[in-house]
$ cat work.txt   # compact mmCIF, C-alpha atoms and all ligand atoms
# COMPACT_ATOMS: atom_id res chain seq x y z
CA MET B 1 19.47 6.62 -1.00
CA SER B 2 20.07 9.39 1.56
CA ARG B 3 18.77 8.92 5.06
CA HIS B 4 18.14 11.11 8.06
CA GLU B 5 17.13 10.63 11.64
CA LEU B 6 13.84 11.76 13.16
CA ARG B 7 13.10 11.67 16.86
CA TYR B 8 9.56 11.54 18.19
CA GLU B 9 8.35 11.74 21.74
CA ILE B 10 5.02 10.02 22.34
CA LEU B 11 3.09 12.12 24.87
CA ASN B 12 1.85 9.13 26.82
CA ALA B 13 3.88 9.04 30.04
CA HIS B 14 0.73 7.66 31.66
CA ASN B 15 1.32 4.29 29.97
CA LEU B 16 4.86 4.43 28.62
CA GLY B 17 6.72 6.01 31.54
CA ASP B 18 10.27 6.84 30.41
CA ASP B 19 9.90 4.80 27.23
CA CYS B 20 8.39 7.67 25.26
CA THR B 21 10.98 8.39 22.59
CA ARG B 22 11.19 6.75 19.17
CA THR B 23 14.07 7.40 16.81
CA ILE B 24 13.37 6.69 13.15
CA ASP B 25 16.18 6.12 10.66
CA VAL B 26 14.24 7.54 7.71
CA HIS B 27 15.17 6.12 4.31
CA ALA B 28 14.45 9.39 2.51
CA THR B 29 15.65 12.99 2.57
CA PRO B 30 13.57 15.79 4.09
CA ASP B 31 13.04 17.11 0.53
CA GLU B 32 11.68 13.76 -0.59
CA LEU B 33 9.27 13.71 2.34
CA ALA B 34 8.16 17.22 1.40
CA GLN B 35 7.53 15.99 -2.16
CA LEU B 36 5.53 13.02 -0.84
CA ASP B 37 3.44 15.39 1.24
CA ARG B 38 2.89 17.85 -1.62
CA GLU B 39 2.56 15.58 -4.67
CA GLY B 40 1.34 12.48 -2.85
CA TYR B 41 3.93 10.10 -4.27
CA LEU B 42 7.60 9.18 -4.35
CA VAL B 43 9.18 6.71 -6.79
CA ARG B 44 11.84 4.25 -5.61
CA ALA B 45 13.35 2.69 -8.73
CA GLY B 46 14.88 -0.77 -8.33
CA LEU B 47 14.30 -1.12 -4.59
CA PHE B 48 14.01 -4.90 -4.85
CA THR B 49 16.54 -6.79 -6.96
CA GLY B 50 18.04 -10.27 -7.31
CA SER B 51 16.95 -12.88 -4.80
CA ALA B 52 14.71 -10.47 -2.84
CA LEU B 53 12.63 -9.86 -5.96
CA ALA B 54 12.67 -13.53 -6.95
CA THR B 55 11.49 -14.59 -3.49
CA LEU B 56 8.47 -12.27 -3.67
CA ARG B 57 7.61 -13.41 -7.19
CA ASP B 58 7.82 -17.07 -6.20
CA ALA B 59 5.59 -16.50 -3.19
CA VAL B 60 3.00 -14.74 -5.39
CA GLU B 61 3.13 -17.64 -7.87
CA ARG B 62 2.45 -20.18 -5.12
CA LEU B 63 -0.55 -18.19 -3.94
CA VAL B 64 -1.95 -17.64 -7.42
CA GLU B 65 -1.87 -21.40 -7.83
CA SER B 66 -3.44 -22.24 -4.49
CA GLU B 67 -6.17 -19.57 -4.72
CA TRP B 68 -6.83 -19.77 -8.45
CA GLU B 69 -10.18 -21.55 -8.31
CA GLN B 70 -11.46 -19.34 -5.54
CA HIS B 71 -10.77 -16.19 -7.59
CA ARG B 72 -11.32 -17.25 -11.16
CA GLY B 73 -14.15 -19.72 -10.60
CA LYS B 74 -16.68 -16.92 -10.47
CA ALA B 75 -15.44 -14.12 -12.72
CA THR B 76 -15.22 -14.05 -16.49
CA GLY B 77 -16.56 -10.72 -17.60
CA LYS B 78 -15.49 -8.23 -20.23
CA ARG B 79 -13.37 -6.27 -17.81
CA SER B 80 -12.00 -6.80 -14.31
CA TRP B 81 -9.27 -5.81 -11.86
CA GLY B 82 -7.64 -9.23 -12.35
CA ILE B 83 -7.17 -11.29 -9.22
CA ILE B 84 -6.47 -9.76 -5.83
CA LEU B 85 -4.96 -11.94 -3.12
CA ARG B 86 -5.23 -10.61 0.43
CA HIS B 87 -3.82 -11.15 3.93
CA LEU B 88 -0.54 -12.22 2.40
CA MET B 89 1.48 -12.05 5.64
CA ASP B 90 -0.73 -14.80 7.05
CA LYS B 91 -0.10 -17.02 4.07
CA ASP B 92 3.63 -17.13 3.29
CA PRO B 93 6.73 -16.31 5.39
CA ALA B 94 8.30 -14.50 2.42
CA PHE B 95 5.70 -11.76 2.86
CA LEU B 96 6.25 -11.46 6.61
CA GLU B 97 9.72 -10.13 5.77
CA LEU B 98 8.02 -6.97 4.54
CA LEU B 99 6.42 -6.08 7.89
CA LYS B 100 9.44 -4.06 9.07
CA TYR B 101 11.13 -3.32 5.74
CA PRO B 102 12.94 -0.06 6.59
CA PRO B 103 12.81 1.74 3.20
CA ILE B 104 9.00 1.61 3.39
CA LEU B 105 8.13 1.48 7.10
CA SER B 106 10.48 4.35 8.00
CA VAL B 107 8.80 6.61 5.43
CA ALA B 108 5.36 5.68 6.81
CA GLN B 109 6.60 6.59 10.30
CA ALA B 110 8.16 9.81 9.08
CA MET B 111 4.84 10.87 7.56
CA MET B 112 2.39 9.57 10.19
CA GLY B 113 4.49 9.33 13.34
CA PRO B 114 5.71 6.26 15.25
CA LEU B 115 2.20 4.95 15.98
CA VAL B 116 1.44 3.18 12.72
CA CYS B 117 0.31 -0.34 11.95
CA LEU B 118 -0.09 -2.50 8.92
CA ARG B 119 -3.23 -1.75 6.94
CA GLY B 120 -2.72 -4.71 4.66
CA LEU B 121 -0.57 -6.56 2.18
CA SER B 122 -2.27 -7.73 -0.97
CA ALA B 123 -1.22 -8.78 -4.46
CA ARG B 124 -2.83 -7.84 -7.74
CA VAL B 125 -2.12 -10.13 -10.68
CA THR B 126 -3.42 -9.37 -14.15
CA PHE B 127 -3.34 -11.39 -17.36
CA PRO B 128 -3.75 -10.62 -21.04
CA GLY B 129 -6.75 -12.25 -22.72
CA ALA B 130 -10.35 -11.80 -23.71
CA GLU B 131 -11.17 -10.09 -20.45
CA ARG B 132 -9.62 -6.61 -20.24
CA GLN B 133 -7.87 -6.32 -16.89
CA GLU B 134 -7.34 -2.77 -15.65
CA THR B 135 -8.67 -0.50 -12.92
CA PRO B 136 -10.78 2.64 -13.17
CA LEU B 137 -9.46 5.81 -11.61
CA HIS B 138 -9.89 5.49 -7.84
CA GLN B 139 -8.60 6.39 -4.38
CA HIS B 140 -8.42 4.15 -1.31
CA LEU B 141 -9.81 6.06 1.71
CA ARG B 142 -13.35 6.91 0.66
CA VAL B 143 -14.48 8.37 3.98
CA VAL B 144 -14.63 12.11 3.39
CA SER B 145 -17.90 14.05 3.70
CA ARG B 146 -18.93 17.39 2.26
CA PRO B 147 -18.99 19.89 3.83
CA ILE B 148 -16.00 19.14 6.04
CA PRO B 149 -17.21 19.12 9.65
CA PRO B 150 -15.31 21.17 12.28
CA TRP B 151 -13.74 18.12 13.93
CA PHE B 152 -13.01 16.18 10.78
CA SER B 153 -9.99 13.83 10.87
CA VAL B 154 -8.26 13.95 7.51
CA PRO B 155 -7.59 10.31 6.57
CA HIS B 156 -3.96 9.45 5.83
CA SER B 157 -2.34 6.16 5.00
CA LEU B 158 0.64 5.16 2.89
CA ASP B 159 0.56 2.56 0.13
CA ALA B 160 3.73 1.06 -1.26
CA LEU B 161 2.96 -0.20 -4.77
CA ILE B 162 5.64 -2.85 -5.27
CA TYR B 163 5.97 -3.85 -8.92
CA LEU B 164 7.28 -7.38 -9.51
CA ASP B 165 7.25 -7.07 -13.33
CA ASP B 166 8.28 -4.24 -15.64
CA LEU B 167 5.52 -1.70 -16.24
CA SER B 168 5.12 -1.08 -19.96
CA GLU B 169 2.34 -0.66 -22.52
CA ALA B 170 2.29 -4.48 -22.65
CA THR B 171 1.76 -5.06 -18.92
CA GLY B 172 -0.05 -1.82 -18.02
CA LEU B 173 1.37 1.46 -16.78
CA VAL B 174 0.28 3.02 -13.53
CA SER B 175 -1.13 6.55 -13.78
CA LEU B 176 -1.62 8.97 -10.95
CA MET B 177 -2.76 12.52 -10.37
CA PRO B 178 -0.15 14.52 -8.43
CA GLY B 179 -1.58 16.41 -5.46
CA SER B 180 -5.03 14.79 -5.64
CA HIS B 181 -4.79 13.30 -2.11
CA ALA B 182 -5.34 16.83 -0.78
CA TRP B 183 -8.55 17.43 -2.75
CA LEU B 184 -11.08 16.91 0.01
CA ASP B 185 -14.01 18.51 -1.85
CA ARG B 186 -14.41 16.00 -4.71
CA GLN B 187 -14.02 12.40 -5.76
CA PRO B 188 -12.35 10.90 -8.81
CA PRO B 189 -14.52 10.68 -11.93
CA ASP B 190 -15.61 7.15 -12.83
CA THR B 191 -13.33 6.59 -15.81
CA TYR B 192 -10.70 4.32 -17.36
CA GLU B 193 -9.42 7.20 -19.51
CA PRO B 194 -6.50 9.57 -18.83
CA ILE B 195 -7.40 12.81 -17.07
CA ASP B 196 -5.72 16.20 -17.47
CA GLY B 197 -2.59 16.54 -15.38
CA GLU B 198 -2.07 12.84 -14.60
CA ILE B 199 1.34 11.24 -14.96
CA GLU B 200 2.08 7.77 -16.32
CA LEU B 201 4.91 5.74 -14.86
CA HIS B 202 7.10 3.30 -16.78
CA LEU B 203 9.01 1.28 -14.16
CA LYS B 204 11.43 -1.62 -13.95
CA ALA B 205 10.54 -4.70 -11.96
CA GLY B 206 11.46 -4.22 -8.30
CA SER B 207 10.50 -0.56 -8.32
CA VAL B 208 8.15 0.87 -5.72
CA VAL B 209 5.78 3.84 -5.73
CA LEU B 210 5.19 5.23 -2.24
CA MET B 211 1.80 6.86 -2.44
CA HIS B 212 -0.69 8.60 -0.15
CA SER B 213 -3.71 6.29 -0.24
CA ASN B 214 -6.01 9.02 -1.47
CA VAL B 215 -4.04 9.90 -4.56
CA TRP B 216 -6.25 9.33 -7.62
CA HIS B 217 -4.69 6.51 -9.62
CA ARG B 218 -5.40 3.67 -12.01
CA GLY B 219 -3.66 0.58 -13.32
CA GLY B 220 -3.60 0.50 -17.14
CA PRO B 221 -4.71 -2.52 -19.15
CA THR B 222 -2.61 -5.68 -19.20
CA LEU B 223 -2.49 -6.31 -22.95
CA SER B 224 0.21 -8.84 -23.76
CA ALA B 225 2.22 -9.99 -20.74
CA ARG B 226 1.29 -10.95 -17.20
CA ARG B 227 1.75 -8.33 -14.47
CA ARG B 228 2.21 -8.89 -10.73
CA MET B 229 2.30 -6.25 -8.02
CA LEU B 230 1.96 -5.97 -4.24
CA ILE B 231 0.31 -3.26 -2.19
CA LEU B 232 1.82 -2.84 1.27
CA SER B 233 -0.07 -0.29 3.38
CA TYR B 234 0.43 1.41 6.73
CA GLN B 235 -2.07 3.51 8.67
CA PRO B 236 -2.34 5.18 12.09
CA THR B 237 -2.80 2.56 14.84
CA TRP B 238 -6.23 3.96 15.67
CA PHE B 239 -7.68 3.38 12.16
CA ARG B 240 -10.01 0.49 11.50
CA GLY B 241 -8.29 -2.12 9.32
CA SER B 242 -9.00 -2.67 5.65
CA PRO B 243 -12.40 -4.36 5.27
CA TYR B 244 -11.43 -6.56 2.32
CA GLY B 245 -10.67 -10.26 2.29
CA VAL B 246 -10.92 -12.85 5.03
CA GLN B 247 -8.06 -13.29 7.47
CA PRO B 248 -7.07 -16.96 7.77
CA GLU B 249 -7.88 -18.26 11.27
CA ASP B 250 -4.48 -19.76 11.92
CA GLY B 251 -2.39 -17.46 9.81
CA LEU B 252 1.31 -16.74 10.28
CA THR B 253 0.76 -13.39 11.99
CA LYS B 254 -1.23 -15.08 14.73
CA LYS B 255 1.75 -17.31 15.54
CA LEU B 256 4.12 -14.38 15.36
CA LEU B 257 2.01 -12.48 17.91
CA GLU B 258 2.42 -15.25 20.49
CA ASN B 259 5.99 -14.15 21.32
CA ALA B 260 6.06 -10.73 19.77
CA ASP B 261 7.82 -7.61 21.05
CA GLU B 262 5.83 -4.39 21.47
CA GLU B 263 6.79 -3.03 18.05
CA THR B 264 5.63 -6.16 16.25
CA LYS B 265 2.37 -6.16 18.20
CA MET B 266 1.76 -2.54 17.29
CA LEU B 267 2.51 -3.15 13.60
CA LEU B 268 0.08 -6.04 13.59
CA GLY B 269 -2.67 -3.89 15.05
CA VAL B 270 -2.47 -4.86 18.72
CA GLY B 271 -2.26 -1.74 20.89
CA GLY B 272 -0.22 1.28 19.97
CA TYR B 273 -2.75 3.63 21.54
CA THR B 274 -4.97 4.05 24.56
O1 LIG G 301 -1.79 -2.20 -10.45
C1 LIG G 301 -1.57 -1.00 -10.24
O2 LIG G 301 -0.67 -0.38 -10.79
C2 LIG G 301 -2.46 -0.27 -9.27
C3 LIG G 301 -3.40 -1.22 -8.56
C4 LIG G 301 -4.37 -0.51 -7.68
O3 LIG G 301 -4.53 0.66 -7.75
C5 LIG G 301 -5.13 -1.26 -6.66
O4 LIG G 301 -5.15 -2.50 -6.70
O5 LIG G 301 -5.73 -0.61 -5.80
FE FE G 302 -5.51 1.40 -6.01
$ encode --input "work.txt" --output "structure tokens" --more "lines below"
Ligand SMILES: O=C(O)CCC(=O)C(=O)O
Ligand SMILES: [Fe+2]
Amino acid sequence: MSRHELRYEILNAHNLGDDCTRTIDVHATPDELAQLDREGYLVRAGLFTGSALATLRDAVERLVESEWEQHRGKATGKRSWGIILRHLMDKDPAFLELLKYPPILSVAQAMMGPLVCLRGLSARVTFPGAERQETPLHQHLRVVSRPIPPWFSVPHSLDALIYLDDLSEATGLVSLMPGSHAWLDRQPPDTYEPIDGEIELHLKAGSVVLMHSNVWHRGGPTLSARRRMLILSYQPTWFRGSPYGVQPEDGLTKKLLENADEETKMLLGVGGYT
């Protein structure tokens, strides 16, 4: 993977004094960033392999086991998203390793600037069976109004869809609509069916899709083999965090914050703006 360096100056001498510059070692080429901006996605095949992939899978397995009752106790419908586990960095040290993972974080900082924080890390696990587990077409930042007001802030955040199993017809492909993150005048139709112009991705386990959070996308049905994936998201520091899930009171990130450097604090949502 080709890299390049980007240097930002944060115009906040009032608080930062001389400590205003941030140099990002971006794990992408300028052309790839331009594609991400234009199309809304970038595929990283085989980013996680070997023990790194196994460690993430094992950590997801442990959580599926410990949270099984909580998630499956209530739901047994005809169709669902499967189970979604949230606040992962508070629950297992394996996930904390992803907080500053350069191939993902550096791209978030290249696209949104140095002042970004974690929006969330969750896992989606789907199983074959009587209940059909898939998602409808959707986008993640549903905060746009029509007409666009003069001082509207276009919402941007980056999702890394980290696939821990192969994506196939058996496990469920991911489909997305290139360029749809920039369509501020409409919302995705409520459908589980393909739409004109969408692309379907077949990917090997360990592959990652870097995606603008407002790209229209859907996870296809898990028909005959279990499927596990993670969603690691970054947002500007001044965004409100994701509203989903309940953060554990004494989670791992709380301990980490006790002796954290400024970068870690910022990534965990403490400061990073005034
Ligand atoms: O499982 C996938 O491929 C996509 C999942 C998704 O879009 C979500 O959980 O928001
Ligand atoms: Fe999604």
$ residues_near_ligand --input "work.txt" --ligand "ligand LIG 301 (chain G)" --cutoff "10 Å" --atoms "all atoms listed in the file" --output "PyMOL selection string"
chain B and resi 81-84+122-126+133-140+159+161-163+167+171-176+201+209+213+215-222+227-231
$ closest_residue --input "work.txt" --among "B:Arg186, B:Met111, B:Leu257, B:Ala170" --to "B:Arg146" --atoms "only C-alpha atoms"
B:Arg186
$ atom_distance --input "work.txt" --atom1 "atom CA of B:Met177" --atom2 "atom CA of B:Ile104"
21.1 Å
$ residues_near_point --input "work.txt" --point "(-0.5, -1.8, 17.4)" --cutoff "9 Å" --atoms "all atoms listed in the file" --output "ChimeraX atom specification"
/B:115-118,236-238,262-273
$ atom_distance --input "work.txt" --atom1 "atom CA of B:Gly251" --atom2 "atom CA of B:Arg57"
20.1 Å
$ atom_distance --input "work.txt" --atom1 "atom CA of B:Thr274" --atom2 "atom CA of B:Ala110"
21.1 Å
$ residues_around --input "work.txt" --residues "B:Ala130" --least-positions-apart "3" --cutoff "10 Å" --atoms "all atoms listed in the file" --output "list in words"
Thr76, Gly77, Lys78, Arg79, Phe127, Gln133 and Leu223 of chain B
$ closest_residue --input "work.txt" --among "B:Ala225, B:Lys255, B:Arg142, B:Pro150" --to "ligand FE 302 (chain G)" --atoms "only C-alpha atoms and all ligand atoms"
B:Arg142
$ residues_around --input "work.txt" --residues "stretch 27-33 of chain B" --least-positions-apart "2" --cutoff "6 Å" --atoms "only C-alpha atoms" --output "list in words"
Ser2, Arg3, Gln35, Leu36 and Pro103 of chain B
$ residues_around --input "work.txt" --residues "B:Asp166" --least-positions-apart "6" --cutoff "7 Å" --atoms "all atoms listed in the file" --output "short mmCIF file (atom, residue, chain, number, x, y, z; two decimals) with C-alpha atoms, in the frame of the given file"
data_model
loop_
_atom_site.label_atom_id
_atom_site.label_comp_id
_atom_site.auth_asym_id
_atom_site.auth_seq_id
_atom_site.Cartn_x
_atom_site.Cartn_y
_atom_site.Cartn_z
CA LEU B 203 9.01 1.28 -14.16
CA LYS B 204 11.43 -1.62 -13.95
CA ALA B 205 10.54 -4.70 -11.96
#
$ closest_residue --input "work.txt" --among "B:Gln247, B:Thr55, B:Thr253, B:Ser233" --to "ligand FE 302 (chain G)" --atoms "all atoms listed in the file"
B:Ser233
$ residues_near_point --input "work.txt" --point "(-5.0, -11.0, 4.6)" --cutoff "8 Å" --atoms "all atoms listed in the file" --output "list in words"
Leu85, Arg86, His87, Leu88, Met89, Asp90, Lys91, Gly120, Leu121, Ser122, Gly245, Val246, Gln247 and Pro248 of chain B
